[in-house]
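Undergrad: Sharing run07.cif below, mmCIF, C-alpha atoms:
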data_coords
loop_
_atom_site.group_PDB
_atom_site.id
_atom_site.type_symbol
_atom_site.label_atom_id
_atom_site.label_comp_id
_atom_site.auth_asym_id
_atom_site.auth_seq_id
_atom_site.Cartn_x
_atom_site.Cartn_y
_atom_site.Cartn_z
ATOM 1 C CA MET A 115 -2.048 -19.064 27.279
ATOM 2 C CA LYS A 116 -2.738 -21.010 24.124
ATOM 3 C CA GLU A 117 -6.084 -20.734 22.347
ATOM 4 C CA LYS A 118 -8.489 -23.363 23.690
ATOM 5 C CA THR A 119 -11.848 -22.331 22.276
ATOM 6 C CA ARG A 120 -12.935 -23.667 18.893
ATOM 7 C CA ASP A 121 -13.703 -20.535 16.922
ATOM 8 C CA PRO A 122 -11.880 -20.917 13.599
ATOM 9 C CA GLU A 123 -12.601 -17.411 12.322
ATOM 10 C CA ARG A 124 -11.467 -15.779 15.564
ATOM 11 C CA THR A 125 -8.362 -17.962 15.636
ATOM 12 C CA LYS A 126 -7.483 -17.129 12.022
ATOM 13 C CA ALA A 127 -7.972 -13.419 12.684
ATOM 14 C CA LYS A 128 -5.639 -13.539 15.690
ATOM 15 C CA ILE A 129 -3.022 -15.423 13.686
ATOM 16 C CA LEU A 130 -3.185 -12.892 10.842
ATOM 17 C CA GLN A 131 -2.877 -9.956 13.224
ATOM 18 C CA ALA A 132 0.168 -11.549 14.837
ATOM 19 C CA ALA A 133 1.650 -12.425 11.446
ATOM 20 C CA PHE A 134 1.243 -8.831 10.285
ATOM 21 C CA ARG A 135 3.142 -7.586 13.334
ATOM 22 C CA GLU A 136 5.857 -10.203 12.826
ATOM 23 C CA PHE A 137 6.284 -9.389 9.125
ATOM 24 C CA LEU A 138 6.428 -5.670 9.901
ATOM 25 C CA GLU A 139 9.264 -6.160 12.352
ATOM 26 C CA HIS A 140 11.267 -8.894 10.655
ATOM 27 C CA GLY A 141 10.177 -9.112 7.016
ATOM 28 C CA ARG A 142 8.924 -12.330 5.460
ATOM 29 C CA ALA A 143 12.335 -13.983 5.424
ATOM 30 C CA GLY A 144 13.046 -13.148 9.056
ATOM 31 C CA ALA A 145 9.582 -13.949 10.377
ATOM 32 C CA ARG A 146 9.226 -17.025 12.568
ATOM 33 C CA ILE A 147 6.145 -19.207 12.900
ATOM 34 C CA ASP A 148 6.981 -19.878 16.574
ATOM 35 C CA ARG A 149 6.859 -16.178 17.403
ATOM 36 C CA ILE A 150 3.617 -15.722 15.478
ATOM 37 C CA ALA A 151 2.036 -18.615 17.391
ATOM 38 C CA ASP A 152 3.176 -17.202 20.745
ATOM 39 C CA ASP A 153 1.932 -13.711 19.868
ATOM 40 C CA ALA A 154 -1.438 -15.042 18.723
ATOM 41 C CA GLY A 155 -1.741 -17.392 21.690
ATOM 42 C CA VAL A 156 -2.321 -20.439 19.493
ATOM 43 C CA ASN A 157 -0.607 -23.726 18.811
ATOM 44 C CA LYS A 158 1.818 -23.661 15.910
ATOM 45 C CA ALA A 159 -0.109 -26.549 14.369
ATOM 46 C CA ASN A 160 -3.105 -24.232 13.962
ATOM 47 C CA ILE A 161 -1.071 -21.915 11.752
ATOM 48 C CA TYR A 162 -0.040 -24.751 9.460
ATOM 49 C CA HIS A 163 -3.594 -26.077 9.484
ATOM 50 C CA TYR A 164 -5.169 -22.800 8.390
ATOM 51 C CA PHE A 165 -2.385 -21.210 6.331
ATOM 52 C CA ASP A 166 0.133 -23.963 5.479
ATOM 53 C CA SER A 167 3.238 -21.712 5.585
ATOM 54 C CA LYS A 168 4.600 -18.181 5.890
ATOM 55 C CA ASP A 169 3.719 -17.646 2.237
ATOM 56 C CA GLY A 170 0.186 -18.775 3.043
ATOM 57 C CA LEU A 171 0.005 -16.189 5.799
ATOM 58 C CA MET A 172 1.303 -13.485 3.476
ATOM 59 C CA ASP A 173 -1.170 -14.558 0.800
ATOM 60 C CA ALA A 174 -4.056 -14.215 3.253
ATOM 61 C CA LEU A 175 -2.847 -10.782 4.346
ATOM 62 C CA LEU A 176 -2.546 -9.708 0.721
ATOM 63 C CA SER A 177 -6.077 -10.887 0.008
ATOM 64 C CA GLN A 178 -7.333 -8.686 2.823
ATOM 65 C CA GLN A 179 -5.322 -5.769 1.501
ATOM 66 C CA LEU A 180 -6.561 -6.212 -2.068
ATOM 67 C CA THR A 181 -10.135 -6.030 -0.803
ATOM 68 C CA GLN A 182 -9.318 -2.720 0.895
ATOM 69 C CA VAL A 183 -7.543 -1.470 -2.228
ATOM 70 C CA ARG A 184 -10.626 -2.159 -4.332
ATOM 71 C CA GLN A 185 -12.755 -0.232 -1.827
ATOM 72 C CA VAL A 186 -10.351 2.714 -1.959
ATOM 73 C CA ARG A 187 -10.296 2.757 -5.749
ATOM 74 C CA ALA A 188 -14.086 2.669 -5.889
ATOM 75 C CA LYS A 189 -14.085 6.105 -4.208
ATOM 76 C CA VAL A 190 -11.514 7.803 -6.443
ATOM 77 C CA PRO A 191 -12.568 11.449 -7.105
ATOM 78 C CA ASP A 192 -13.904 12.263 -10.556
ATOM 79 C CA ALA A 193 -11.777 15.406 -10.850
ATOM 80 C CA PHE A 194 -8.337 14.358 -12.039
ATOM 81 C CA ARG A 195 -6.595 17.133 -10.049
ATOM 82 C CA ASP A 196 -7.945 15.594 -6.828
ATOM 83 C CA ARG A 197 -6.834 12.038 -7.502
ATOM 84 C CA LEU A 198 -3.164 12.282 -6.555
ATOM 85 C CA ALA A 199 -4.060 14.085 -3.328
ATOM 86 C CA TYR A 200 -6.632 11.377 -2.594
ATOM 87 C CA PHE A 201 -4.096 8.589 -3.071
ATOM 88 C CA GLN A 202 -1.577 10.531 -0.974
ATOM 89 C CA ASP A 203 -4.038 10.465 1.929
ATOM 90 C CA GLN A 204 -4.414 6.703 1.488
ATOM 91 C CA GLN A 205 -0.686 6.225 2.043
ATOM 92 C CA TYR A 206 -1.014 7.750 5.496
ATOM 93 C CA ASP A 207 -4.010 5.564 6.245
ATOM 94 C CA ASP A 208 -2.067 2.518 5.101
ATOM 95 C CA ALA A 209 1.459 3.373 6.254
ATOM 96 C CA GLN A 210 2.009 0.004 7.947
ATOM 97 C CA TRP A 211 1.144 -1.843 4.764
ATOM 98 C CA LEU A 212 3.590 0.346 2.871
ATOM 99 C CA ARG A 213 6.258 -0.653 5.382
ATOM 100 C CA LEU A 214 5.451 -4.312 4.772
ATOM 101 C CA VAL A 215 5.865 -4.069 1.001
ATOM 102 C CA THR A 216 9.111 -2.153 1.609
ATOM 103 C CA TRP A 217 10.345 -5.266 3.419
ATOM 104 C CA GLU A 218 9.238 -7.264 0.394
ATOM 105 C CA ALA A 219 11.306 -4.997 -1.840
ATOM 106 C CA LEU A 220 14.385 -5.404 0.357
ATOM 107 C CA GLU A 221 14.059 -9.181 0.121
ATOM 108 C CA PHE A 222 13.238 -9.221 -3.590
ATOM 109 C CA ASP A 223 15.585 -11.489 -5.584
ATOM 110 C CA GLY A 224 13.778 -11.518 -8.925
ATOM 111 C CA ALA A 225 11.655 -14.578 -8.153
ATOM 112 C CA PRO A 226 7.840 -14.235 -8.229
ATOM 113 C CA VAL A 227 6.494 -12.591 -5.090
ATOM 114 C CA VAL A 228 3.490 -13.846 -3.161
ATOM 115 C CA ALA A 229 0.227 -13.498 -5.148
ATOM 116 C CA GLU A 230 2.082 -11.589 -7.863
ATOM 117 C CA ALA A 231 -0.391 -12.361 -10.661
ATOM 118 C CA GLU A 232 -3.413 -11.285 -8.597
ATOM 119 C CA ARG A 233 -1.679 -8.135 -7.410
ATOM 120 C CA ALA A 234 -0.548 -7.251 -10.929
ATOM 121 C CA ALA A 235 -4.097 -7.711 -12.190
ATOM 122 C CA ALA A 236 -5.348 -5.228 -9.591
ATOM 123 C CA TRP A 237 -3.370 -2.455 -11.325
ATOM 124 C CA GLN A 238 -4.862 -3.071 -14.750
ATOM 125 C CA PRO A 239 -8.108 -1.085 -14.276
ATOM 126 C CA LEU A 240 -6.092 2.016 -13.350
ATOM 127 C CA ILE A 241 -3.774 1.566 -16.311
ATOM 128 C CA GLN A 242 -6.725 1.038 -18.623
ATOM 129 C CA GLY A 243 -8.372 4.147 -17.220
ATOM 130 C CA MET A 244 -5.300 6.185 -18.054
ATOM 131 C CA ARG A 245 -5.240 4.713 -21.551
ATOM 132 C CA GLN A 246 -8.858 5.800 -22.049
ATOM 133 C CA GLN A 247 -8.144 9.308 -20.781
ATOM 134 C CA MET A 248 -5.242 9.566 -23.197
ATOM 135 C CA SER A 249 -7.511 8.546 -26.064
ATOM 136 C CA THR A 250 -9.901 11.400 -25.254
ATOM 137 C CA GLY A 251 -7.153 13.984 -24.778
ATOM 138 C CA LYS A 252 -7.551 14.343 -21.014
ATOM 139 C CA LEU A 253 -4.001 13.094 -20.501
ATOM 140 C CA PRO A 254 -0.896 13.439 -22.688
ATOM 141 C CA LYS A 255 -0.248 10.337 -24.771
ATOM 142 C CA MET A 256 2.530 8.168 -23.349
ATOM 143 C CA ASP A 257 3.065 4.705 -21.921
ATOM 144 C CA PRO A 258 0.160 4.340 -19.428
ATOM 145 C CA ALA A 259 1.954 1.714 -17.352
ATOM 146 C CA GLN A 260 4.979 3.992 -16.953
ATOM 147 C CA LEU A 261 2.674 6.841 -16.016
ATOM 148 C CA GLN A 262 0.910 4.705 -13.407
ATOM 149 C CA LEU A 263 4.273 3.692 -11.956
ATOM 150 C CA SER A 264 5.261 7.355 -11.743
ATOM 151 C CA TRP A 265 1.962 8.225 -10.038
ATOM 152 C CA VAL A 266 2.638 5.512 -7.450
ATOM 153 C CA ALA A 267 6.127 6.886 -6.838
ATOM 154 C CA LEU A 268 4.781 10.406 -6.322
ATOM 155 C CA VAL A 269 2.385 9.414 -3.571
ATOM 156 C CA THR A 270 4.316 6.647 -1.820
ATOM 157 C CA PHE A 271 7.851 8.044 -1.668
ATOM 158 C CA PRO A 272 7.310 10.683 1.056
ATOM 159 C CA VAL A 273 5.712 8.169 3.436
ATOM 160 C CA ALA A 274 8.019 5.279 2.535
ATOM 161 C CA PHE A 275 11.162 7.392 2.973
ATOM 162 C CA PRO A 276 10.368 9.884 5.753
ATOM 163 C CA GLN A 277 14.049 10.695 6.265
ATOM 164 C CA PHE A 278 14.339 12.034 2.708
ATOM 165 C CA THR A 279 11.108 13.978 3.172
ATOM 166 C CA ARG A 280 12.589 15.775 6.177
ATOM 167 C CA MET A 281 15.994 16.347 4.575
ATOM 168 C CA ILE A 282 14.479 17.787 1.391
ATOM 169 C CA THR A 283 11.530 19.783 2.763
ATOM 170 C CA GLY A 284 12.619 20.466 6.332
ATOM 171 C CA MET A 285 9.346 18.993 7.595
ATOM 172 C CA ASP A 286 8.411 15.646 9.087
ATOM 173 C CA VAL A 287 6.119 13.543 6.922
ATOM 174 C CA ASP A 288 3.502 13.418 9.720
ATOM 175 C CA ASP A 289 3.519 17.192 10.192
ATOM 176 C CA PRO A 290 0.060 18.532 9.197
ATOM 177 C CA LYS A 291 1.830 21.436 7.453
ATOM 178 C CA PHE A 292 3.699 18.982 5.241
ATOM 179 C CA ARG A 293 0.529 17.056 4.432
ATOM 180 C CA ARG A 294 -1.269 20.241 3.401
ATOM 181 C CA ALA A 295 1.698 21.440 1.355
ATOM 182 C CA ARG A 296 2.032 18.064 -0.348
ATOM 183 C CA LYS A 297 -1.645 17.985 -1.309
ATOM 184 C CA ARG A 298 -1.441 21.508 -2.750
ATOM 185 C CA PHE A 299 1.623 20.495 -4.753
ATOM 186 C CA LEU A 300 0.007 17.330 -6.097
ATOM 187 C CA LYS A 301 -3.057 19.243 -7.255
ATOM 188 C CA ARG A 302 -0.923 21.808 -9.044
ATOM 189 C CA PHE A 303 1.242 19.033 -10.496
ATOM 190 C CA ALA A 304 -1.867 17.401 -11.938
ATOM 191 C CA ASP A 305 -3.025 20.744 -13.340
ATOM 192 C CA VAL A 306 0.260 21.409 -15.122
ATOM 193 C CA PHE A 307 0.558 17.834 -16.346
ATOM 194 C CA THR A 308 -2.895 17.941 -17.940
ATOM 195 C CA GLY A 309 -2.274 21.372 -19.476
ATOM 196 C CA ASP A 310 -4.183 23.525 -17.003
ATOM 197 C CA ARG A 311 -1.567 26.164 -16.183
ATOM 198 C CA ASN A 312 -3.832 28.501 -14.238
ATOM 199 C CA VAL A 313 -1.354 29.514 -11.517
ATOM 200 C CA ASP A 314 -4.092 31.095 -9.408
ATOM 201 C CA ARG A 315 -5.494 27.717 -8.403
#
Take the structure in the file and give it back as structure tokens.

TA:
Amino acid sequence: MKEKTRDPERTKAKILQAAFREFLEHGRAGARIDRIADDAGVNKANIYHYFDSKDGLMDALLSQQLTQVRQVRAKVPDAFRDRLAYFQDQQYDDAQWLRLVTWEALEFDGAPVVAEAERAAAWQPLIQGMRQQMSTGKLPKMDPAQLQLSWVALVTFPVAFPQFTRMITGMDVDDPKFRRARKRFLKRFADVFTGDRNVDR
């Protein structure tokens, strides 16, 4: 049954939830406004009224995600050796979002992606933080943007490509044993990278 009550915030929330499910299953290119409207139980006109287009829906979802990202980054551990493990845990908490941006990557044709400038700006504090740590000798001096990209790869790859995780390690990515082993590895990786080679840790 289509939405009949006039509660704009509730209606928008239902549309966004349905859009997220649709994008997860079909990607942005394959998503259909008709299916989103049916899933949300609203008239299609409501979607165009509140969000204008599929890109508008994606933009709204990204805005929500960026708010969550800022909250996550506000709780980053002070100890550098704990940071990679912390971000690894976030990938599990946000696995569906990772799947959505994987769809975005599959559809990427070189053109600007939705909210690209805002999303790019969200990385700058982390890059600047690495630059500052390099200046004080806490990190080896190198291109901080390349280092940030490598950090992202380290923590996202196992969850984004669970088949490779199983083929390489013999464990499923959701296996608690794998999660513990991965966190131990990331801590040791951070130790070695920063020059702390105490193998007893």

Undergrad: Residues within 8 Å of Val269 of chain A, please, as a PyMOL selection string. Count only C-alpha atoms; anything in the same chain fewer than 5 positions from it doesn't count.

TA: chain A and resi 198-199+201-202+205

Undergrad: Give me the residues near segment 218-222 of chain A as a ChimeraX atom specification, where near means some atom within 9 Å (using only C-alpha atoms) and where sequence neighbours in that chain fewer than 5 positions away do not count.

TA: /A:141-143,213,227

Undergrad: Go ahead and compute the interatomic distance for atom CA of Arg146 of chain A and atom CA of Ala132 of chain A, in Å to one decimal.

TA: 10.8 Å

Undergrad: As number ranges by chain, please: the residues near segment 279-291 of chain A (cut-off 12 Å, all atoms listed in the file, same-chain neighbours under 6 positions excluded).

TA: A: 202-203, 205-207, 209, 268-273, 297-298

Undergrad: Taking the point (-4.5, -26.6, 14.8) as given in the file, collect each protein or nucleic acid residue that comes within 12 Å of it, counting all atoms listed in the file, and present the set as a list in words.

TA: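 In the file's frame, the residues around the point are Lys116, Glu117, Lys118, Thr119, Arg120, Asp121, Pro122, Thr125, Lys126, Ile129, Ala151, Gly155, Val156, Asn157, Lys158, Ala159, Asn160, Ile161, Tyr162, His163, Tyr164, Phe165 and Asp166 of chain A.
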
Undergrad: Could you tell me which of A:Asp305, A:Asp196, A:Glu139, A:Glu123 comes closest to Trp211 of chain A if we count only C-alpha atoms?

TA: A:Glu139

Undergrad: How far is it from atom CA of Arg233 of chain A to atom CA of Val186 of chain A, in Å with one decimal?

TA: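 The value is 14.9 Å.
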
Undergrad: Taking all atoms listed in the file into account, name the residue in A:Lys255, A:Arg293, A:Arg184, A:Arg302 that is nearest to Leu240 of chain A.

TA: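 Between A:Lys255, A:Arg293, A:Arg184, A:Arg302, the residue approaching Leu240 of chain A most closely is A:Arg184.
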